[in-house]
$ cat structure.cif   # mmCIF, C-alpha atoms
data_data
#
loop_
_atom_site.label_atom_id
_atom_site.label_comp_id
_atom_site.auth_asym_id
_atom_site.auth_seq_id
_atom_site.Cartn_x
_atom_site.Cartn_y
_atom_site.Cartn_z
CA MET Q 1 0.00 0.00 0.00
CA ARG Q 2 2.96 2.31 0.45
CA GLY Q 3 3.52 2.10 -3.30
CA ILE Q 4 -0.08 3.25 -3.86
CA SER Q 5 0.24 6.24 -1.54
CA VAL Q 6 3.42 7.42 -3.28
CA ALA Q 7 2.50 6.75 -6.89
CA ALA Q 8 -1.16 7.84 -7.03
CA PRO Q 9 -0.61 11.62 -6.64
CA LEU Q 10 2.25 11.58 -9.13
CA ALA Q 11 0.13 9.55 -11.55
CA ALA Q 12 -2.36 12.42 -11.48
CA VAL Q 13 0.48 14.81 -12.36
CA ALA Q 14 1.51 12.60 -15.29
CA PHE Q 15 -2.07 12.50 -16.53
CA ALA Q 16 -2.36 16.29 -16.37
CA LEU Q 17 0.91 16.63 -18.28
CA ALA Q 18 -0.37 14.21 -20.90
CA LEU Q 19 -3.44 16.40 -21.43
CA ALA Q 20 -1.26 19.49 -21.76
CA LEU Q 21 0.89 17.88 -24.46
CA ALA Q 22 -1.95 16.10 -26.27
CA GLY Q 23 -2.42 18.93 -28.73
CA CYS Q 24 1.23 18.94 -29.82
CA SER Q 25 2.16 17.03 -32.96
CA PHE Q 26 4.98 14.49 -32.73
CA SER Q 27 6.88 15.99 -35.68
CA GLN Q 28 7.42 19.31 -33.90
CA TRP Q 29 9.56 17.55 -31.28
CA ILE Q 30 11.85 16.25 -34.05
CA ASN Q 31 12.14 19.17 -36.46
CA ARG Q 32 11.98 22.93 -35.97
CA THR Q 33 11.46 25.21 -38.96
CA GLU Q 34 12.40 28.87 -38.78
CA THR Q 35 11.05 31.17 -41.48
CA ASP Q 36 12.27 34.62 -42.49
CA THR Q 37 9.80 36.63 -44.59
CA PHE Q 38 10.91 39.96 -46.06
CA THR Q 39 10.22 42.21 -49.04
CA ILE Q 40 12.81 42.92 -51.72
CA THR Q 41 12.41 46.21 -53.65
CA ASP Q 42 14.30 46.99 -56.86
CA ARG Q 43 14.39 50.65 -58.00
CA ASP Q 44 15.84 51.56 -61.38
CA THR Q 45 16.09 54.85 -63.33
CA THR Q 46 17.04 55.03 -67.03
CA VAL Q 47 18.16 58.36 -68.60
CA ILE Q 48 18.11 58.67 -72.43
CA GLU Q 49 19.82 61.74 -73.96
CA THR Q 50 19.49 62.47 -77.69
CA VAL Q 51 21.34 65.18 -79.71
CA ARG Q 52 20.46 65.40 -83.39
CA ASN Q 53 22.77 68.34 -84.44
CA VAL Q 54 25.15 70.91 -83.01
CA PRO Q 55 23.53 74.25 -82.17
CA GLY Q 56 24.58 77.05 -84.57
CA GLU Q 57 25.27 80.80 -84.20
CA THR Q 58 22.62 83.50 -84.64
CA PRO Q 59 22.92 87.23 -85.58
CA ASP Q 60 21.89 88.00 -82.06
CA THR Q 61 24.97 87.09 -80.07
CA SER Q 62 23.05 87.34 -76.84
CA ARG Q 63 21.45 84.00 -77.36
CA VAL Q 64 22.31 80.58 -78.74
CA GLU Q 65 20.27 78.80 -81.31
CA THR Q 66 17.92 76.23 -79.77
CA SER Q 67 19.56 72.86 -79.32
CA SER Q 68 18.00 69.64 -80.52
CA ARG Q 69 19.11 67.85 -77.32
CA LYS Q 70 16.35 65.78 -75.69
CA ILE Q 71 16.53 64.09 -72.28
CA ARG Q 72 14.07 61.44 -71.11
CA ASP Q 73 13.87 59.82 -67.65
CA TYR Q 74 12.25 56.42 -67.02
CA SER Q 75 11.85 55.25 -63.39
CA HIS Q 76 10.88 51.67 -62.47
CA THR Q 77 10.06 50.10 -59.08
CA ASN Q 78 9.55 46.34 -58.55
CA SER Q 79 8.70 44.75 -55.16
CA PHE Q 80 8.33 41.08 -54.28
CA ASP Q 81 8.25 38.95 -51.13
CA SER Q 82 11.03 36.51 -50.26
CA VAL Q 83 10.68 33.58 -47.83
CA ALA Q 84 13.73 31.74 -46.42
CA LYS Q 85 13.21 28.54 -44.44
CA ARG Q 86 15.75 26.72 -42.28
CA ASP Q 87 15.22 23.35 -40.61
CA TYR Q 88 16.86 22.39 -37.31
CA PRO Q 89 16.82 19.28 -35.11
CA ASN Q 90 14.55 19.99 -32.17
CA PHE Q 91 15.21 16.97 -29.94
CA LEU Q 92 17.86 16.22 -27.35
CA ARG Q 93 17.19 12.50 -27.62
CA LEU Q 94 15.35 10.43 -30.24
CA GLY Q 95 15.57 6.65 -30.07
CA LEU Q 96 14.17 3.41 -31.39
CA LEU Q 97 14.77 0.79 -28.71
CA GLU Q 98 16.39 0.63 -25.27
CA VAL Q 99 16.86 -2.61 -23.30
CA ALA Q 100 18.63 -3.39 -20.04
CA SER Q 101 19.07 -6.16 -17.54
CA LEU Q 102 17.94 -5.28 -14.01
CA TYR Q 103 19.11 -6.57 -10.67
CA SER Q 104 17.02 -5.97 -7.57
CA ALA Q 105 18.15 -7.02 -4.09
CA GLY Q 106 16.45 -10.18 -2.90
CA ARG Q 107 14.67 -10.87 -6.21
CA GLY Q 108 14.99 -14.04 -8.28
CA ASN Q 109 16.31 -12.35 -11.40
CA SER Q 110 19.15 -14.54 -12.65
CA ALA Q 111 17.44 -14.75 -16.08
CA SER Q 112 17.89 -11.11 -17.00
CA GLY Q 113 20.98 -11.71 -19.15
CA MET Q 114 23.69 -9.24 -20.05
CA PHE Q 115 22.30 -5.95 -21.43
CA GLY Q 116 18.81 -7.48 -21.45
CA ALA Q 117 19.10 -7.93 -25.23
CA TYR Q 118 21.32 -11.00 -24.93
CA ALA Q 119 18.70 -13.00 -23.07
CA ALA Q 120 16.10 -12.47 -25.80
CA GLY Q 121 17.84 -15.07 -27.98
CA ASP Q 122 18.72 -17.56 -25.26
CA ASP Q 123 16.45 -20.60 -25.41
CA ASP Q 124 16.73 -21.06 -21.63
CA GLN Q 125 15.23 -17.62 -21.06
CA SER Q 126 13.16 -16.72 -24.13
CA ARG Q 127 10.06 -18.55 -22.93
CA SER Q 128 9.63 -15.82 -20.33
CA ILE Q 129 10.81 -12.96 -22.52
CA LEU Q 130 8.16 -10.50 -21.30
CA TRP Q 131 8.41 -11.35 -17.63
CA ARG Q 132 11.98 -11.37 -16.46
CA SER Q 133 14.07 -8.76 -14.73
CA GLU Q 134 14.64 -6.22 -17.45
CA LEU Q 135 13.85 -2.76 -18.77
CA VAL Q 136 12.37 -2.24 -22.24
CA ARG Q 137 11.72 1.22 -23.72
CA VAL Q 138 10.33 1.78 -27.20
CA ALA Q 139 10.76 5.14 -28.98
CA PRO Q 140 12.22 7.24 -26.14
CA ILE Q 141 12.39 10.98 -26.77
CA GLU Q 142 13.71 13.97 -24.83
CA VAL Q 143 13.24 17.68 -25.50
CA ARG Q 144 14.56 20.78 -23.82
CA LEU Q 145 12.85 21.70 -20.56
CA ARG Q 146 12.80 25.46 -20.18
CA TRP Q 147 12.56 26.29 -16.51
CA PHE Q 148 14.71 27.83 -13.76
CA ASP Q 149 15.25 30.90 -15.98
CA ASP Q 150 16.04 28.68 -18.98
CA ALA Q 151 18.78 26.78 -17.13
CA PRO Q 152 20.79 24.55 -19.51
CA ASN Q 153 20.79 20.73 -19.77
CA TRP Q 154 17.33 20.07 -18.31
CA THR Q 155 15.21 17.69 -20.38
CA LEU Q 156 11.64 16.38 -20.42
CA GLY Q 157 11.23 12.89 -21.86
CA TRP Q 158 8.74 10.11 -22.51
CA SER Q 159 8.43 6.89 -24.51
CA ALA Q 160 5.81 5.00 -26.51
CA PHE Q 161 6.15 1.94 -24.25
CA GLU Q 162 8.01 1.29 -21.01
CA HIS Q 163 8.26 -1.99 -19.13
CA TRP Q 164 10.07 -2.61 -15.83
CA ALA Q 165 10.20 -6.21 -14.63
CA MET Q 166 11.91 -6.60 -11.27
CA ASP Q 167 12.06 -10.41 -11.39
CA ASP Q 168 10.43 -13.32 -13.24
CA SER Q 169 7.02 -12.71 -11.69
CA ILE Q 170 4.44 -10.76 -13.69
CA SER Q 171 3.06 -9.33 -10.46
CA HIS Q 172 6.38 -7.59 -9.77
CA SER Q 173 6.43 -5.50 -12.94
CA PHE Q 174 5.36 -2.06 -14.16
CA VAL Q 175 4.04 -1.04 -17.59
CA SER Q 176 3.42 2.39 -19.09
CA ILE Q 177 2.23 3.48 -22.54
CA ALA Q 178 2.53 6.56 -24.74
CA GLY Q 179 1.27 9.75 -23.17
CA CYS Q 180 1.30 8.29 -19.66
CA ASN Q 181 4.99 8.39 -18.67
CA TYR Q 182 7.25 11.42 -18.24
CA TYR Q 183 10.81 11.89 -17.02
CA VAL Q 184 12.66 15.00 -15.91
CA ARG Q 185 16.44 14.71 -16.26
CA ARG Q 186 19.41 16.96 -15.60
CA ARG Q 187 22.49 16.30 -17.72
CA PHE Q 188 26.03 16.57 -16.34
CA TYR Q 189 28.55 16.16 -19.15
CA LEU Q 190 31.75 14.34 -18.31
CA ARG Q 191 32.62 14.45 -22.02
CA ASP Q 192 30.77 16.65 -24.53
CA GLN Q 193 32.32 15.34 -27.74
CA ILE Q 194 30.96 12.32 -29.63
CA PRO Q 195 30.68 9.81 -28.04
CA TYR Q 196 29.32 11.70 -25.03
CA VAL Q 197 29.69 10.62 -21.42
CA ILE Q 198 26.76 11.96 -19.38
CA PHE Q 199 25.46 11.48 -15.86
CA ASN Q 200 21.66 11.91 -15.69
CA PRO Q 201 19.78 12.05 -12.38
CA TYR Q 202 16.10 11.52 -13.17
CA LEU Q 203 12.60 11.56 -11.74
CA GLY Q 204 9.94 9.66 -13.67
CA VAL Q 205 6.21 9.19 -13.18
CA SER Q 206 3.63 7.02 -14.90
CA ALA Q 207 -0.17 7.24 -14.88
CA PHE Q 208 -1.38 4.09 -16.73
CA PRO Q 209 -1.63 1.06 -16.89
CA SER Q 210 0.73 1.14 -13.91
CA ALA Q 211 1.01 4.14 -11.64
CA TYR Q 212 4.56 4.51 -10.37
CA VAL Q 213 7.32 6.89 -9.48
CA ASN Q 214 10.89 6.16 -10.52
CA LEU Q 215 13.81 8.01 -8.91
CA GLY Q 216 17.40 7.30 -9.88
CA GLY Q 217 20.49 8.12 -11.92
CA GLU Q 218 21.97 6.95 -15.19
CA LEU Q 219 25.51 6.89 -16.61
CA HIS Q 220 25.27 7.17 -20.37
CA VAL Q 221 28.04 6.60 -22.95
CA GLY Q 222 26.99 7.53 -26.51
CA SER Q 223 25.58 8.08 -28.88
CA LEU Q 224 27.89 6.83 -31.58
CA GLY Q 225 25.79 6.20 -34.65
CA GLY Q 226 22.82 5.72 -32.34
CA LEU Q 227 24.57 3.09 -30.18
CA ASN Q 228 24.65 3.72 -26.43
CA LEU Q 229 25.73 1.92 -23.26
CA ARG Q 230 23.80 2.75 -20.10
CA ALA Q 231 24.07 1.95 -16.39
CA TYR Q 232 21.17 2.64 -14.01
CA ALA Q 233 20.60 2.74 -10.26
CA GLY Q 234 17.42 3.81 -8.55
CA LEU Q 235 14.18 3.06 -6.71
CA ILE Q 236 10.80 2.36 -8.31
CA SER Q 237 7.49 2.20 -6.44
CA GLY Q 238 3.94 1.80 -7.70
CA PHE Q 239 1.00 -0.44 -8.53
CA LEU Q 240 -1.20 -1.65 -11.38
CA TRP Q 241 -4.58 0.07 -11.58
CA LEU Q 242 -6.40 -3.15 -12.59
CA ASP Q 243 -4.95 -5.04 -9.61
CA PRO Q 244 -3.31 -2.84 -6.92
CA SER Q 245 -1.71 -5.92 -5.34
CA TRP Q 246 0.63 -6.03 -8.33
CA GLY Q 247 3.68 -3.80 -8.03
CA GLY Q 248 5.58 -2.78 -4.91
CA THR Q 249 8.74 -0.88 -4.06
CA TYR Q 250 12.10 -2.06 -5.40
CA PRO Q 251 15.65 -0.72 -5.47
CA TYR Q 252 17.45 -1.70 -8.66
CA PHE Q 253 20.70 -1.64 -10.61
CA GLY Q 254 20.88 -2.18 -14.37
CA ILE Q 255 23.16 -2.32 -17.39
CA GLY Q 256 21.73 -1.79 -20.85
CA VAL Q 257 22.16 -0.82 -24.47
CA SER Q 258 20.09 1.23 -26.90
CA ALA Q 259 20.13 1.19 -30.71
CA LEU Q 260 19.37 3.92 -33.26
CA ASP Q 261 19.07 6.17 -30.23
CA PHE Q 262 20.50 9.63 -30.98
CA THR Q 263 21.57 12.19 -28.38
CA ASN Q 264 22.10 15.89 -29.05
CA ARG Q 265 23.71 18.68 -27.11
CA PHE Q 266 21.65 21.86 -26.90
CA GLU Q 267 24.16 23.54 -29.23
CA GLU Q 268 23.36 20.98 -31.93
CA THR Q 269 19.74 22.13 -32.03
CA GLU Q 270 21.02 25.55 -33.12
CA ARG Q 271 22.66 24.11 -36.26
CA GLU Q 272 20.73 23.39 -39.45
CA TRP Q 273 20.15 19.78 -40.43
CA LYS Q 274 22.55 20.09 -43.38
CA TYR Q 275 25.38 20.71 -40.90
CA TYR Q 276 24.25 18.03 -38.42
CA THR Q 277 27.17 15.92 -37.19
CA ARG Q 278 26.87 12.29 -38.29
CA SER Q 279 29.19 9.37 -37.59
CA THR Q 280 27.86 6.50 -39.74
CA ILE Q 281 28.07 5.77 -43.45
CA ASP Q 282 25.02 3.52 -43.03
CA ALA Q 283 22.24 3.33 -40.44
CA CYS Q 284 19.41 0.91 -41.18
CA VAL Q 285 16.33 -0.07 -39.18
CA LEU Q 286 15.62 -3.33 -41.02
CA ASP Q 287 17.62 -5.23 -43.61
CA VAL Q 288 16.28 -8.54 -44.97
CA ALA Q 289 17.77 -10.90 -47.57
CA SER Q 290 16.77 -14.31 -48.93
CA ASN Q 291 16.83 -16.62 -51.93
CA TYR Q 292 13.62 -18.33 -50.73
CA SER Q 293 14.96 -21.80 -51.43
CA SER Q 294 17.77 -22.36 -48.89
CA TRP Q 295 18.88 -19.23 -47.00
CA SER Q 296 17.61 -16.07 -45.33
CA GLN Q 297 18.96 -13.30 -43.13
CA ALA Q 298 17.46 -10.38 -41.22
CA ARG Q 299 19.30 -7.63 -39.39
CA PHE Q 300 17.69 -5.09 -37.07
CA ALA Q 301 19.18 -1.70 -36.12
CA SER Q 302 22.43 -1.94 -38.09
CA VAL Q 303 25.17 0.69 -38.29
CA GLN Q 304 28.52 1.10 -40.07
CA PHE Q 305 31.31 3.42 -38.89
CA PRO Q 306 34.08 4.58 -41.24
CA LEU Q 307 37.55 3.98 -39.82
CA PRO Q 308 40.06 6.86 -39.99
CA ILE Q 309 42.40 4.81 -42.17
CA GLY Q 310 43.36 5.77 -45.72
CA ASN Q 311 40.31 7.05 -47.60
CA TYR Q 312 37.87 6.19 -44.77
CA HIS Q 313 36.16 3.52 -46.90
CA LEU Q 314 37.11 0.73 -44.48
CA TRP Q 315 34.34 0.35 -41.89
CA VAL Q 316 33.38 -1.54 -38.74
CA GLY Q 317 29.76 -2.19 -37.83
CA THR Q 318 27.23 -4.08 -35.75
CA SER Q 319 23.51 -4.83 -35.42
CA LEU Q 320 21.30 -5.07 -32.39
CA VAL Q 321 20.03 -8.40 -33.74
CA ASP Q 322 21.31 -10.49 -36.67
CA TYR Q 323 19.29 -13.60 -37.64
CA MET Q 324 20.43 -16.19 -40.20
CA SER Q 325 18.91 -19.51 -41.29
CA PHE Q 326 19.78 -22.35 -43.66
CA PHE Q 327 17.02 -24.73 -44.73
CA THR Q 328 15.67 -27.02 -47.41
CA ARG Q 329 12.31 -26.14 -48.96
CA THR Q 330 10.11 -28.98 -50.22
CA SER Q 331 7.95 -28.86 -53.33
CA GLY Q 332 4.99 -28.04 -51.08
CA GLY Q 333 6.73 -24.92 -49.74
CA SER Q 334 7.47 -26.16 -46.22
CA MET Q 335 10.96 -25.96 -44.71
CA THR Q 336 12.98 -28.95 -43.54
CA ASP Q 337 16.49 -29.38 -42.13
CA LEU Q 338 16.18 -25.95 -40.56
CA SER Q 339 19.24 -24.56 -38.81
CA GLU Q 340 19.16 -21.04 -37.33
CA GLY Q 341 21.61 -18.62 -35.79
CA LEU Q 342 21.08 -15.40 -33.86
CA GLY Q 343 23.68 -12.81 -32.99
CA VAL Q 344 23.18 -9.91 -30.61
CA LEU Q 345 25.64 -7.07 -31.27
CA PRO Q 346 27.82 -9.09 -33.69
CA ILE Q 347 30.97 -7.48 -35.07
CA SER Q 348 31.44 -6.88 -38.80
CA VAL Q 349 34.25 -5.33 -40.86
CA GLY Q 350 34.03 -4.35 -44.53
CA TYR Q 351 35.11 -2.02 -47.30
CA ARG Q 352 32.84 0.26 -49.35
CA GLN Q 353 33.68 0.80 -53.01
CA TYR Q 354 31.48 3.07 -55.12
CA LEU Q 355 30.72 2.10 -58.71
CA GLY Q 356 30.65 5.39 -60.58
CA SER Q 357 27.97 6.93 -58.34
CA ASP Q 358 27.16 7.31 -54.65
CA ALA Q 359 23.99 5.29 -55.29
CA PHE Q 360 25.85 2.15 -56.46
CA MET Q 361 28.31 0.35 -54.20
CA ILE Q 362 29.88 -3.01 -53.51
CA GLU Q 363 30.93 -4.06 -50.00
CA PRO Q 364 33.03 -7.14 -49.23
CA PHE Q 365 32.69 -7.94 -45.52
CA VAL Q 366 33.37 -10.41 -42.75
CA GLU Q 367 31.06 -10.85 -39.76
CA GLY Q 368 31.29 -12.77 -36.49
CA SER Q 369 28.65 -13.55 -33.86
CA TYR Q 370 29.55 -14.77 -30.38
CA TYR Q 371 26.24 -15.02 -28.46
CA PRO Q 372 23.78 -16.67 -28.23
CA SER Q 373 24.85 -18.29 -31.51
CA GLY Q 374 28.41 -18.48 -32.71
CA PHE Q 375 28.86 -18.12 -36.46
CA PHE Q 376 31.23 -16.75 -39.08
CA ASN Q 377 30.02 -14.99 -42.23
CA LEU Q 378 32.19 -13.99 -45.21
CA GLY Q 379 30.52 -12.32 -48.19
CA ALA Q 380 30.02 -9.41 -50.57
CA ARG Q 381 27.05 -7.12 -50.99
CA LEU Q 382 25.95 -5.14 -54.04
CA LYS Q 383 23.80 -2.24 -52.91
CA ILE Q 384 21.70 0.24 -54.89
CA VAL Q 385 20.20 3.27 -53.15
CA ALA Q 386 16.78 3.40 -54.85
CA SER Q 387 15.52 6.42 -52.89
CA GLU Q 388 16.10 8.17 -49.61
CA GLY Q 389 15.66 5.57 -46.87
CA PHE Q 390 15.22 2.63 -49.25
CA SER Q 391 17.85 0.34 -50.84
CA ILE Q 392 17.91 -2.90 -52.79
CA GLY Q 393 20.74 -5.25 -53.71
CA GLY Q 394 22.14 -8.74 -53.66
CA LEU Q 395 24.48 -10.84 -51.53
CA VAL Q 396 26.73 -13.83 -52.02
CA GLY Q 397 28.87 -15.48 -49.36
CA PHE Q 398 29.76 -18.35 -47.08
CA ALA Q 399 28.59 -18.84 -43.50
CA SER Q 400 29.38 -21.46 -40.90
CA GLY Q 401 28.37 -21.81 -37.27
CA SER Q 402 26.22 -23.26 -34.54
CA PRO Q 403 22.79 -22.20 -33.21
CA GLY Q 404 24.22 -22.31 -29.68
CA ASN Q 405 21.77 -21.39 -26.92
CA PHE Q 406 19.37 -19.87 -29.45
CA LYS Q 407 18.16 -23.22 -30.82
CA PRO Q 408 20.23 -25.92 -29.10
CA GLN Q 409 18.12 -28.70 -30.60
CA GLU Q 410 19.01 -27.67 -34.18
CA PRO Q 411 22.16 -28.83 -36.04
CA SER Q 412 25.14 -26.69 -37.00
CA PHE Q 413 25.13 -25.02 -40.41
CA SER Q 414 27.75 -24.40 -43.08
CA GLY Q 415 27.40 -23.49 -46.72
CA VAL Q 416 27.46 -21.03 -49.58
CA TYR Q 417 24.52 -18.67 -49.95
CA TRP Q 418 23.17 -16.03 -52.32
CA GLY Q 419 20.08 -13.86 -52.31
CA LEU Q 420 18.37 -10.53 -52.90
CA SER Q 421 18.28 -7.86 -50.19
CA LEU Q 422 15.87 -5.12 -49.19
CA SER Q 423 16.80 -2.33 -46.74
CA LEU Q 424 14.04 -0.29 -45.10
CA ALA Q 425 14.64 3.03 -43.31
CA ASP Q 426 18.19 2.94 -44.63
CA TRP Q 427 20.29 6.13 -44.55
CA ASN Q 428 23.62 6.22 -46.38
CA ASN Q 429 26.39 8.83 -46.32
CA THR Q 430 29.71 8.93 -48.10
CA PRO Q 431 32.86 8.49 -45.98
CA GLU Q 432 34.07 11.87 -47.24
CA LYS Q 433 30.93 13.59 -45.96
CA ILE Q 434 31.26 11.95 -42.54
CA ARG Q 435 34.90 12.99 -42.33
CA ASP Q 436 34.02 16.62 -43.11
CA LEU Q 437 31.09 16.71 -40.67
CA ARG Q 438 33.17 15.24 -37.84
CA ALA Q 439 35.92 17.78 -38.56
CA ASN Q 440 33.38 20.58 -38.00
CA GLU Q 441 31.85 19.13 -34.83
CA ILE Q 442 30.81 21.70 -32.23
CA PRO Q 443 33.80 22.39 -29.95
CA SER Q 444 33.86 21.25 -26.35
CA THR Q 445 32.74 23.69 -23.66
CA ILE Q 446 34.18 21.69 -20.75
CA LYS Q 447 37.10 23.52 -19.17
#
$ encode --input "structure.cif" --output "structure tokens"
Amino acid sequence: MRGISVAAPLAAVAFALALALAGCSFSQWINRTETDTFTITDRDTTVIETVRNVPGETPDTSRVETSSRKIRDYSHTNSFDSVAKRDYPNFLRLGLLEVASLYSAGRGNSASGMFGAYAAGDDDQSRSILWRSELVRVAPIEVRLRWFDDAPNWTLGWSAFEHWAMDDSISHSFVSIAGCNYYVRRRFYLRDQIPYVIFNPYLGVSAFPSAYVNLGGELHVGSLGGLNLRAYAGLISGFLWLDPSWGGTYPYFGIGVSALDFTNRFEETEREWKYYTRSTIDACVLDVASNYSSWSQARFASVQFPLPIGNYHLWVGTSLVDYMSFFTRTSGGSMTDLSEGLGVLPISVGYRQYLGSDAFMIEPFVEGSYYPSGFFNLGARLKIVASEGFSIGGLVGFASGSPGNFKPQEPSFSGVYWGLSLSLADWNNTPEKIRDLRANEIPSTIK
């Protein structure tokens, strides 16, 4: 009941804040457009002077014969309106997914797994994927909080979905949805150059489905191409409205990772998007490839970083999740002899070579996964940027490995593969552009 007495008043505050922000569109938190409207006036005067003959003398020397000179003036005025628009990033944090393993004193939470994400592909733990000691946040966002006379580094944040599970029991968890959770944070920069190192004390409240208050601190390293490492410590207390016996009060400690989760300094929101500092030559939400008959692969939240070697075309990368399968498809369309592998944060190294245009490229690469499946992947990718955020291509390669803890009952796999690829929400930059943007990064203000 102590959790109810603490969380209920703050849940009312969260609900009131949700009503206040309900009329605001989501896009305004991402992009800010500044418009200058002014009038341009052109004034022009043309003078035409014509002389047909030279004036002559007259008997009367007191006067000169009339000249044939003619002068004409033409004045012209033209006015028109001019509109200049500039777009700026308007967020201090914009992310896709954040996961963490949690440890709470006295709780049975040995199944949380490292970073939370690792346990998702472990067969020993995946059967209780929604109800083990972990934190899951979907689409977290933070914007500038203007209070205390516009004091710097205060943020207001929320997420589309938030789940705190303190152990493997569903009754010891908290859930919040979009519009019902809000966090106030104060940033203390230990390093203000990419990748940032930030300490964030925070106070969070939720109104529904669980009402809770969350007080703690976070050590954040990132973001580098949207990748972040996070460590948490705090106290959470609350209850579920549908069953107030669910919930409680728990101290916790956690270690997590977030992908495609971008952090800005306040100074970065004062720079136009075209000067925005980027660090990846490729950032992709979902990349799928298959030949339908014997092989398929899917990668989620993938990034590639150019290495400062030579022409910067050599890169190192990773994915939050990398799934690969070898199989045999029967004439009826069903799969047999299935063998699957799953890598969480695998390591890949490759080289990007453009083929006459920035939209056509070939990338030989090598990739290794270590957990929960161990596999080795050597291949080459032909990639065509069809439009902004969308790419197609083909792959050929050789992969060998074991399903490991992901599917321990399945056999090992090894073989040559080929297939067509499709990349959705895929943003590509040239290594030269990344090098120039990083060279013009906003200077440090830490003394």
$ closest_residue --input "structure.cif" --among "Q:Ala84, Q:Ile48, Q:Leu240, Q:Ile30" --to "Arg144 in chain Q" --atoms "only C-alpha atoms"
Q:Ile30
$ resolve_selection --input "structure.cif" --expression "the PyMOL selection byres ((chain Q and resi 181-190) around 10)" --output "number ranges by chain"
Q: 11, 13-15, 17-18, 141-145, 151-162, 175-180, 191-193, 196-208, 210-221, 265, 445-446
$ write_last_selection --input "structure.cif" --atoms "C-alpha atoms" --output "compact mmCIF listing (two decimals), in the frame of the given file"
# COMPACT_ATOMS: atom_id res chain seq x y z
CA ALA Q 11 0.13 9.55 -11.55
CA VAL Q 13 0.48 14.81 -12.36
CA ALA Q 14 1.51 12.60 -15.29
CA PHE Q 15 -2.07 12.50 -16.53
CA LEU Q 17 0.91 16.63 -18.28
CA ALA Q 18 -0.37 14.21 -20.90
CA ILE Q 141 12.39 10.98 -26.77
CA GLU Q 142 13.71 13.97 -24.83
CA VAL Q 143 13.24 17.68 -25.50
CA ARG Q 144 14.56 20.78 -23.82
CA LEU Q 145 12.85 21.70 -20.56
CA ALA Q 151 18.78 26.78 -17.13
CA PRO Q 152 20.79 24.55 -19.51
CA ASN Q 153 20.79 20.73 -19.77
CA TRP Q 154 17.33 20.07 -18.31
CA THR Q 155 15.21 17.69 -20.38
CA LEU Q 156 11.64 16.38 -20.42
CA GLY Q 157 11.23 12.89 -21.86
CA TRP Q 158 8.74 10.11 -22.51
CA SER Q 159 8.43 6.89 -24.51
CA ALA Q 160 5.81 5.00 -26.51
CA PHE Q 161 6.15 1.94 -24.25
CA GLU Q 162 8.01 1.29 -21.01
CA VAL Q 175 4.04 -1.04 -17.59
CA SER Q 176 3.42 2.39 -19.09
CA ILE Q 177 2.23 3.48 -22.54
CA ALA Q 178 2.53 6.56 -24.74
CA GLY Q 179 1.27 9.75 -23.17
CA CYS Q 180 1.30 8.29 -19.66
CA ARG Q 191 32.62 14.45 -22.02
CA ASP Q 192 30.77 16.65 -24.53
CA GLN Q 193 32.32 15.34 -27.74
CA TYR Q 196 29.32 11.70 -25.03
CA VAL Q 197 29.69 10.62 -21.42
CA ILE Q 198 26.76 11.96 -19.38
CA PHE Q 199 25.46 11.48 -15.86
CA ASN Q 200 21.66 11.91 -15.69
CA PRO Q 201 19.78 12.05 -12.38
CA TYR Q 202 16.10 11.52 -13.17
CA LEU Q 203 12.60 11.56 -11.74
CA GLY Q 204 9.94 9.66 -13.67
CA VAL Q 205 6.21 9.19 -13.18
CA SER Q 206 3.63 7.02 -14.90
CA ALA Q 207 -0.17 7.24 -14.88
CA PHE Q 208 -1.38 4.09 -16.73
CA SER Q 210 0.73 1.14 -13.91
CA ALA Q 211 1.01 4.14 -11.64
CA TYR Q 212 4.56 4.51 -10.37
CA VAL Q 213 7.32 6.89 -9.48
CA ASN Q 214 10.89 6.16 -10.52
CA LEU Q 215 13.81 8.01 -8.91
CA GLY Q 216 17.40 7.30 -9.88
CA GLY Q 217 20.49 8.12 -11.92
CA GLU Q 218 21.97 6.95 -15.19
CA LEU Q 219 25.51 6.89 -16.61
CA HIS Q 220 25.27 7.17 -20.37
CA VAL Q 221 28.04 6.60 -22.95
CA ARG Q 265 23.71 18.68 -27.11
CA THR Q 445 32.74 23.69 -23.66
CA ILE Q 446 34.18 21.69 -20.75
$ atom_distance --input "structure.cif" --atom1 "CA of Ile281 in chain Q" --atom2 "CA of Leu395 in chain Q"
18.8 Å
$ closest_residue --input "structure.cif" --among "Q:Thr336, Q:Gly401, Q:Ile434, Q:Arg278" --to "Leu307 in chain Q" --atoms "all atoms listed in the file"
Q:Ile434
$ atom_distance --input "structure.cif" --atom1 "CA of Arg137 in chain Q" --atom2 "CA of Ala301 in chain Q"
14.8 Å
